[in-house]
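Visitor: Dropping in input26.txt, with compact mmCIF, C-alpha atoms and all ligand atoms.
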# COMPACT_ATOMS: atom_id res chain seq x y z
CA MET D 1 16.05 14.02 -38.79
CA ALA D 2 15.57 10.88 -40.92
CA GLU D 3 17.68 8.88 -38.49
CA ARG D 4 15.60 10.18 -35.64
CA GLU D 5 12.40 9.02 -37.27
CA SER D 6 13.69 5.59 -38.19
CA ARG D 7 14.71 5.07 -34.59
CA SER D 8 11.37 6.23 -33.27
CA HIS D 9 10.79 4.32 -30.06
CA ASP D 10 7.06 4.19 -29.94
CA ALA D 11 4.40 3.16 -32.38
CA THR D 12 2.21 6.16 -31.70
CA GLY D 13 5.12 8.49 -32.42
CA ILE D 14 4.27 10.74 -29.51
CA GLY D 15 7.04 9.86 -27.08
CA ASP D 16 7.29 8.87 -23.46
CA LEU D 17 4.88 9.96 -20.74
CA ILE D 18 5.33 11.65 -17.41
CA PHE D 19 2.64 11.10 -14.82
CA MET D 20 2.53 13.68 -12.05
CA GLY D 21 0.28 14.68 -9.22
CA PRO D 22 0.26 15.64 -5.55
CA PRO D 23 0.56 13.05 -2.78
CA GLY D 24 -2.56 10.91 -2.42
CA VAL D 25 -4.08 11.68 -5.80
CA GLY D 26 -4.13 8.01 -6.81
CA LYS D 27 -1.19 8.02 -9.20
CA GLY D 28 -0.01 4.57 -8.13
CA THR D 29 -3.39 2.95 -8.74
CA GLN D 30 -3.87 4.66 -12.07
CA ALA D 31 -0.30 4.11 -13.28
CA LYS D 32 -0.73 0.37 -12.87
CA ARG D 33 -4.01 0.32 -14.77
CA LEU D 34 -2.65 2.53 -17.55
CA THR D 35 0.53 0.54 -18.10
CA GLU D 36 -1.29 -2.81 -18.03
CA ARG D 37 -3.96 -1.65 -20.44
CA ASN D 38 -1.64 0.06 -22.90
CA GLY D 39 1.49 -2.06 -22.68
CA TRP D 40 3.58 0.85 -21.44
CA VAL D 41 6.58 0.32 -19.16
CA GLN D 42 6.17 1.97 -15.77
CA LEU D 43 9.00 3.54 -13.87
CA SER D 44 7.93 4.50 -10.35
CA THR D 45 10.86 5.95 -8.44
CA GLY D 46 8.82 5.78 -5.19
CA GLU D 47 8.23 2.05 -5.71
CA LEU D 48 11.89 1.47 -6.57
CA PHE D 49 12.92 3.22 -3.35
CA ARG D 50 10.40 1.23 -1.31
CA ASP D 51 11.66 -1.99 -2.91
CA HIS D 52 15.27 -1.14 -1.98
CA LEU D 53 14.07 -0.32 1.52
CA LYS D 54 12.32 -3.68 1.89
CA ARG D 55 15.51 -5.46 0.80
CA GLN D 56 17.56 -3.15 3.06
CA THR D 57 20.08 -2.36 0.32
CA PRO D 58 22.52 0.53 0.96
CA LEU D 59 20.47 2.66 -1.44
CA GLY D 60 17.29 1.76 0.47
CA GLN D 61 18.80 2.62 3.84
CA MET D 62 20.02 5.93 2.50
CA ALA D 63 16.66 6.78 0.86
CA GLN D 64 14.75 5.88 4.02
CA ARG D 65 16.16 8.84 5.95
CA TYR D 66 14.60 11.22 3.45
CA MET D 67 11.36 9.36 2.81
CA ASP D 68 10.54 9.04 6.52
CA ARG D 69 10.68 12.84 6.84
CA GLY D 70 8.63 13.48 3.70
CA ASP D 71 11.69 14.92 1.92
CA TYR D 72 12.88 14.02 -1.54
CA VAL D 73 15.82 11.69 -1.99
CA PRO D 74 18.80 13.70 -3.37
CA ASP D 75 18.68 14.32 -7.12
CA ASP D 76 21.98 12.61 -7.97
CA VAL D 77 20.85 9.34 -6.35
CA THR D 78 17.47 9.43 -8.04
CA ILE D 79 18.90 10.36 -11.43
CA ASP D 80 21.49 7.53 -11.24
CA MET D 81 18.70 5.07 -10.59
CA VAL D 82 16.73 6.33 -13.58
CA ARG D 83 19.83 6.27 -15.79
CA GLU D 84 20.30 2.58 -14.97
CA PHE D 85 16.66 1.86 -15.75
CA LEU D 86 16.94 3.63 -19.13
CA SER D 87 20.09 1.71 -20.05
CA GLU D 88 18.13 -1.55 -19.88
CA LEU D 89 15.27 -0.30 -22.00
CA THR D 90 14.57 -1.53 -25.52
CA PRO D 91 13.83 1.20 -28.08
CA ASP D 92 10.32 0.01 -28.96
CA THR D 93 8.79 0.68 -25.55
CA ARG D 94 6.81 3.61 -24.30
CA VAL D 95 7.72 4.57 -20.76
CA MET D 96 5.42 6.08 -18.19
CA PHE D 97 7.54 7.94 -15.64
CA ASP D 98 5.56 7.87 -12.41
CA GLY D 99 6.72 10.23 -9.66
CA PHE D 100 9.76 11.32 -11.66
CA PRO D 101 10.92 13.98 -12.40
CA ARG D 102 9.96 15.74 -9.17
CA THR D 103 12.46 18.60 -9.30
CA VAL D 104 13.56 20.88 -12.14
CA ALA D 105 17.09 19.40 -11.92
CA GLN D 106 15.61 15.93 -12.44
CA ALA D 107 13.54 17.20 -15.37
CA LEU D 108 16.60 18.69 -17.08
CA ALA D 109 18.58 15.48 -16.46
CA LEU D 110 15.74 13.38 -17.87
CA ASP D 111 15.42 15.53 -20.98
CA ALA D 112 19.17 15.03 -21.61
CA LEU D 113 19.15 11.28 -20.88
CA LEU D 114 16.24 10.76 -23.26
CA ALA D 115 17.82 12.87 -26.00
CA GLU D 116 20.97 10.71 -25.81
CA ARG D 117 18.75 7.75 -26.62
CA SER D 118 16.74 9.50 -29.36
CA ARG D 119 13.74 9.55 -27.08
CA SER D 120 11.66 12.44 -25.81
CA ILE D 121 8.72 13.29 -23.61
CA GLY D 122 5.51 13.43 -25.60
CA ARG D 123 2.99 14.13 -22.87
CA VAL D 124 2.85 15.14 -19.21
CA LEU D 125 -0.29 14.10 -17.37
CA VAL D 126 -1.04 15.99 -14.17
CA LEU D 127 -3.71 14.32 -12.05
CA ASP D 128 -5.14 16.64 -9.42
CA ALA D 129 -7.80 16.87 -6.71
CA PRO D 130 -8.64 19.25 -3.83
CA ARG D 131 -6.29 19.10 -0.83
CA ASP D 132 -8.91 17.94 1.73
CA GLU D 133 -9.79 14.97 -0.48
CA LEU D 134 -6.09 14.10 -0.86
CA VAL D 135 -5.49 14.14 2.89
CA ARG D 136 -8.59 11.98 3.47
CA ARG D 137 -7.31 9.40 0.98
CA ILE D 138 -3.79 9.30 2.42
CA LEU D 139 -5.09 8.77 5.95
CA ALA D 140 -7.34 5.95 4.71
CA ARG D 141 -4.38 4.38 2.92
CA SER D 142 -2.18 4.63 5.98
CA ARG D 143 -4.75 2.64 7.96
CA ALA D 144 -4.84 -0.01 5.23
CA GLU D 145 -1.15 -0.23 4.27
CA GLY D 146 0.78 1.35 7.13
CA ARG D 147 3.23 3.34 5.00
CA ALA D 148 5.72 5.13 7.27
CA ASP D 149 5.41 8.41 5.32
CA ASP D 150 1.61 8.61 5.73
CA THR D 151 1.46 10.25 9.20
CA PRO D 152 -0.16 13.73 9.49
CA ASP D 153 3.11 15.64 10.04
CA VAL D 154 4.86 13.92 7.18
CA ILE D 155 1.83 14.38 4.92
CA THR D 156 1.92 18.15 5.53
CA LYS D 157 5.63 18.16 4.72
CA ARG D 158 5.07 16.22 1.49
CA PHE D 159 2.51 18.80 0.30
CA GLU D 160 4.96 21.62 1.03
CA VAL D 161 7.75 19.87 -0.83
CA TYR D 162 5.42 19.19 -3.77
CA ALA D 163 4.42 22.86 -4.02
CA GLU D 164 8.00 24.11 -3.72
CA GLN D 165 9.88 21.60 -5.83
CA THR D 166 7.46 19.81 -8.11
CA GLN D 167 5.06 22.57 -9.19
CA PRO D 168 7.98 24.21 -11.07
CA VAL D 169 8.38 20.93 -13.01
CA VAL D 170 4.79 21.28 -14.24
CA ASP D 171 5.66 24.83 -15.32
CA HIS D 172 8.80 23.54 -17.13
CA TYR D 173 6.72 21.18 -19.29
CA HIS D 174 3.82 23.60 -19.57
CA ALA D 175 6.17 25.96 -21.38
CA LYS D 176 6.75 23.16 -23.91
CA ASP D 177 2.98 22.70 -24.28
CA LEU D 178 3.12 19.08 -23.10
CA VAL D 179 0.90 19.28 -20.02
CA ARG D 180 -2.64 17.87 -19.80
CA ARG D 181 -4.44 18.34 -16.50
CA VAL D 182 -6.81 15.56 -15.48
CA ASN D 183 -9.50 15.72 -12.79
CA GLY D 184 -8.72 13.12 -10.13
CA LEU D 185 -12.22 13.16 -8.58
CA GLY D 186 -14.60 10.42 -9.64
CA GLY D 187 -14.72 6.68 -10.14
CA ILE D 188 -11.50 4.76 -10.76
CA ASP D 189 -12.58 3.65 -14.26
CA GLU D 190 -13.76 7.10 -15.18
CA ILE D 191 -10.39 8.58 -14.20
CA THR D 192 -8.49 5.92 -16.15
CA ASP D 193 -10.53 6.83 -19.25
CA ARG D 194 -9.77 10.53 -18.75
CA LEU D 195 -6.05 9.79 -18.45
CA ILE D 196 -6.01 7.65 -21.60
CA GLU D 197 -7.74 10.49 -23.42
CA GLY D 198 -5.20 12.96 -22.05
CA ALA D 199 -2.25 10.78 -23.10
CA ARG D 200 -3.19 10.98 -26.79
P1 LIG T 301 3.48 9.56 -3.46
O1 LIG T 301 2.68 8.66 -2.59
O2 LIG T 301 3.59 10.95 -2.94
O3 LIG T 301 3.09 9.49 -4.88
P2 LIG T 301 5.89 8.03 -4.09
O4 LIG T 301 5.48 6.67 -3.77
O5 LIG T 301 6.03 8.39 -5.52
O6 LIG T 301 4.98 9.09 -3.32
O7 LIG T 301 7.30 8.36 -3.37
C1 LIG T 301 7.47 8.19 -1.98
C2 LIG T 301 8.74 8.91 -1.52
O8 LIG T 301 9.88 8.42 -2.26
C3 LIG T 301 8.76 10.42 -1.76
O9 LIG T 301 8.11 11.15 -0.73
C4 LIG T 301 10.28 10.69 -1.80
O10 LIG T 301 10.85 10.71 -0.53
C5 LIG T 301 10.81 9.48 -2.52
N1 LIG T 301 10.85 9.73 -4.00
C6 LIG T 301 10.10 9.13 -4.95
N2 LIG T 301 10.37 9.61 -6.16
C7 LIG T 301 11.33 10.57 -6.00
C8 LIG T 301 12.02 11.45 -6.87
N3 LIG T 301 11.78 11.47 -8.18
N4 LIG T 301 12.95 12.28 -6.33
C9 LIG T 301 13.20 12.28 -5.02
N5 LIG T 301 12.57 11.49 -4.14
C10 LIG T 301 11.64 10.64 -4.61
Go through the file and emit its structure as structure tokens.
Guide:
Amino acid sequence: MAERESRSHDATGIGDLIFMGPPGVGKGTQAKRLTERNGWVQLSTGELFRDHLKRQTPLGQMAQRYMDRGDYVPDDVTIDMVREFLSELTPDTRVMFDGFPRTVAQALALDALLAERSRSIGRVLVLDAPRDELVRRILARSRAEGRADDTPDVITKRFEVYAEQTQPVVDHYHAKDLVRRVNGLGGIDEITDRLIEGAR
């Protein structure tokens, strides 16, 4: 126990953060603001996949097949990528996992990977908003950014996959009393403040 404390990885002593929410809830926008403001390190698996895709790496080409359909990339691929990220991490950082874990298998793998490094999850933030608002936002984003996975059919698929595979992850952490639900409706600043409050 003493060794654990002396190797505590974050000044607040409350561990790493997971940031979850359905497609279109504004996680990406908020994750950037939160990490910049608090000095946390962000790991967005979606952004990593998109970056690989842009560079047309083998991993990117493989991930594309799944992303274009609104499916999740297979767990082993995603977990390997996160393992590599964690191996480069210094102990004194607080990580915000953004869009990971998205399946219970990923959550169990993350819990184990963190434990090996004397780290743990201290808080799980779940940002949420009504479905019609989410769809409206995604369609607006697709006009602005042209993301391939923002078409109506793929959007529907992403909501289904979220309900089936990612809702159980919320339940997994809820059972550990780590979940804080945050209302994703309102002004951008207002929501950032709510999230910071929830991360305490
Ligand atoms: P969203 O806009 O829904 O927040 P992201 O940008 O986080 O989406 O991710 C985009 C896509 O990348 C996902 O639909 C999925 O195909 C893939 N992806 C991202 N993170 C994961 C993950 N943890 N496991 C599997 N696939 C993932």
Visitor: Produce as a PDB file with C-alpha atoms, in the coordinates of the input the set of residues near ligand LIG 301 (chain T), where near means within 8 Å with only C-alpha atoms and all ligand atoms considered.
Guide:
ATOM      1  CA  GLY D  21       0.280  14.680  -9.220  1.00  0.00           C
ATOM      2  CA  PRO D  22       0.260  15.640  -5.550  1.00  0.00           C
ATOM      3  CA  PRO D  23       0.560  13.050  -2.780  1.00  0.00           C
ATOM      4  CA  GLY D  24      -2.560  10.910  -2.420  1.00  0.00           C
ATOM      5  CA  VAL D  25      -4.080  11.680  -5.800  1.00  0.00           C
ATOM      6  CA  GLY D  26      -4.130   8.010  -6.810  1.00  0.00           C
ATOM      7  CA  LYS D  27      -1.190   8.020  -9.200  1.00  0.00           C
ATOM      8  CA  GLY D  28      -0.010   4.570  -8.130  1.00  0.00           C
ATOM      9  CA  SER D  44       7.930   4.500 -10.350  1.00  0.00           C
ATOM     10  CA  THR D  45      10.860   5.950  -8.440  1.00  0.00           C
ATOM     11  CA  GLY D  46       8.820   5.780  -5.190  1.00  0.00           C
ATOM     12  CA  GLU D  47       8.230   2.050  -5.710  1.00  0.00           C
ATOM     13  CA  PHE D  49      12.920   3.220  -3.350  1.00  0.00           C
ATOM     14  CA  ARG D  50      10.400   1.230  -1.310  1.00  0.00           C
ATOM     15  CA  ALA D  63      16.660   6.780   0.860  1.00  0.00           C
ATOM     16  CA  GLN D  64      14.750   5.880   4.020  1.00  0.00           C
ATOM     17  CA  TYR D  66      14.600  11.220   3.450  1.00  0.00           C
ATOM     18  CA  MET D  67      11.360   9.360   2.810  1.00  0.00           C
ATOM     19  CA  ASP D  68      10.540   9.040   6.520  1.00  0.00           C
ATOM     20  CA  ARG D  69      10.680  12.840   6.840  1.00  0.00           C
ATOM     21  CA  GLY D  70       8.630  13.480   3.700  1.00  0.00           C
ATOM     22  CA  ASP D  71      11.690  14.920   1.920  1.00  0.00           C
ATOM     23  CA  TYR D  72      12.880  14.020  -1.540  1.00  0.00           C
ATOM     24  CA  VAL D  73      15.820  11.690  -1.990  1.00  0.00           C
ATOM     25  CA  PRO D  74      18.800  13.700  -3.370  1.00  0.00           C
ATOM     26  CA  ASP D  75      18.680  14.320  -7.120  1.00  0.00           C
ATOM     27  CA  THR D  78      17.470   9.430  -8.040  1.00  0.00           C
ATOM     28  CA  ILE D  79      18.900  10.360 -11.430  1.00  0.00           C
ATOM     29  CA  ASP D  98       5.560   7.870 -12.410  1.00  0.00           C
ATOM     30  CA  GLY D  99       6.720  10.230  -9.660  1.00  0.00           C
ATOM     31  CA  PHE D 100       9.760  11.320 -11.660  1.00  0.00           C
ATOM     32  CA  PRO D 101      10.920  13.980 -12.400  1.00  0.00           C
ATOM     33  CA  ARG D 102       9.960  15.740  -9.170  1.00  0.00           C
ATOM     34  CA  THR D 103      12.460  18.600  -9.300  1.00  0.00           C
ATOM     35  CA  GLN D 106      15.610  15.930 -12.440  1.00  0.00           C
ATOM     36  CA  ASP D 149       5.410   8.410   5.320  1.00  0.00           C
ATOM     37  CA  ARG D 158       5.070  16.220   1.490  1.00  0.00           C
TER      38      ARG D 158
END
Visitor: Write out as an NGL selection string which residues come within 12 Å of D:Lys176 when counting all atoms listed in the file, dropping same-chain ones fewer than 6 positions away.
Guide: :D and (111 or 120-124 or 169-170)
Visitor: Could you check how far atom CA of D:Val154 sits from atom CA of D:Ser142, in Å to one decimal?
Guide: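 Between these atoms lies a distance of 11.7 Å.
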Visitor: Return the single residue from D:Asp171, D:Gly184, D:Ser87, D:Asp150 that is closest to D:Pro130, with distances computed using all atoms listed in the file.
Guide: D:Gly184
Visitor: What's the 10 Å shell around D:Arg37, counting only C-alpha atoms, without same-chain residues fewer than 5 positions away, as a ChimeraX atom specification?
Guide: /D:31-32,192,196
Visitor: If I take atom CA of D:Asp16 and atom CA of D:Gly60, how far is one from the other in Å, to one decimal?
Guide: 26.9 Å
Visitor: What is the distance, in Å and to one decimal place, between atom CA of D:Val182 and atom CA of D:Arg137?
Guide: 17.6 Å
Visitor: Pick the closest to D:Val95 from D:Gly146, D:Gly186, D:Pro152, D:Gly39: which is it, counting all atoms listed in the file?
Guide: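 Among D:Gly146, D:Gly186, D:Pro152, D:Gly39, it is D:Gly39 that comes nearest to D:Val95.
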Visitor: Point out the residue among D:Val179, D:Met20, D:Ala199, D:Ile188 with the least atom-to-atom distance to D:Thr166, counting only C-alpha atoms.
Guide: D:Met20
Visitor: Which residue gives the smallest distance to D:Gln167 among D:Val82, D:Leu134, D:Val126, D:Ala144, with all atoms listed in the file counted?
Guide: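 Selected residue with least distance to D:Gln167: D:Val126.
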Visitor: Out of D:Phe19, D:Thr29, D:Glu84, D:Arg117, which residue has the shortest atom-to-atom distance to D:Leu48 when counting only C-alpha atoms?
Guide: D:Glu84
Visitor: Using the file's own x, y and z axes, so that the box edges lie along x, y and z, what centre and edge lengths in Å (one decimal) does a box around every listed atom of stretch 34-53 of chain D get when 4 Å is added on each side? Give it as AutoDock Vina command-line options.
Guide:
--center_x 5.7 --center_y 1.6 --center_z -10.7 --size_x 27.2 --size_y 16.8 --size_z 32.4
Visitor: Pick the closest to D:Ala129 from D:Leu86, D:Ala109, D:Ile191, D:Val161: which is it, counting all atoms listed in the file?
Guide: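 Of all the options, D:Ile191 lies closest to D:Ala129.
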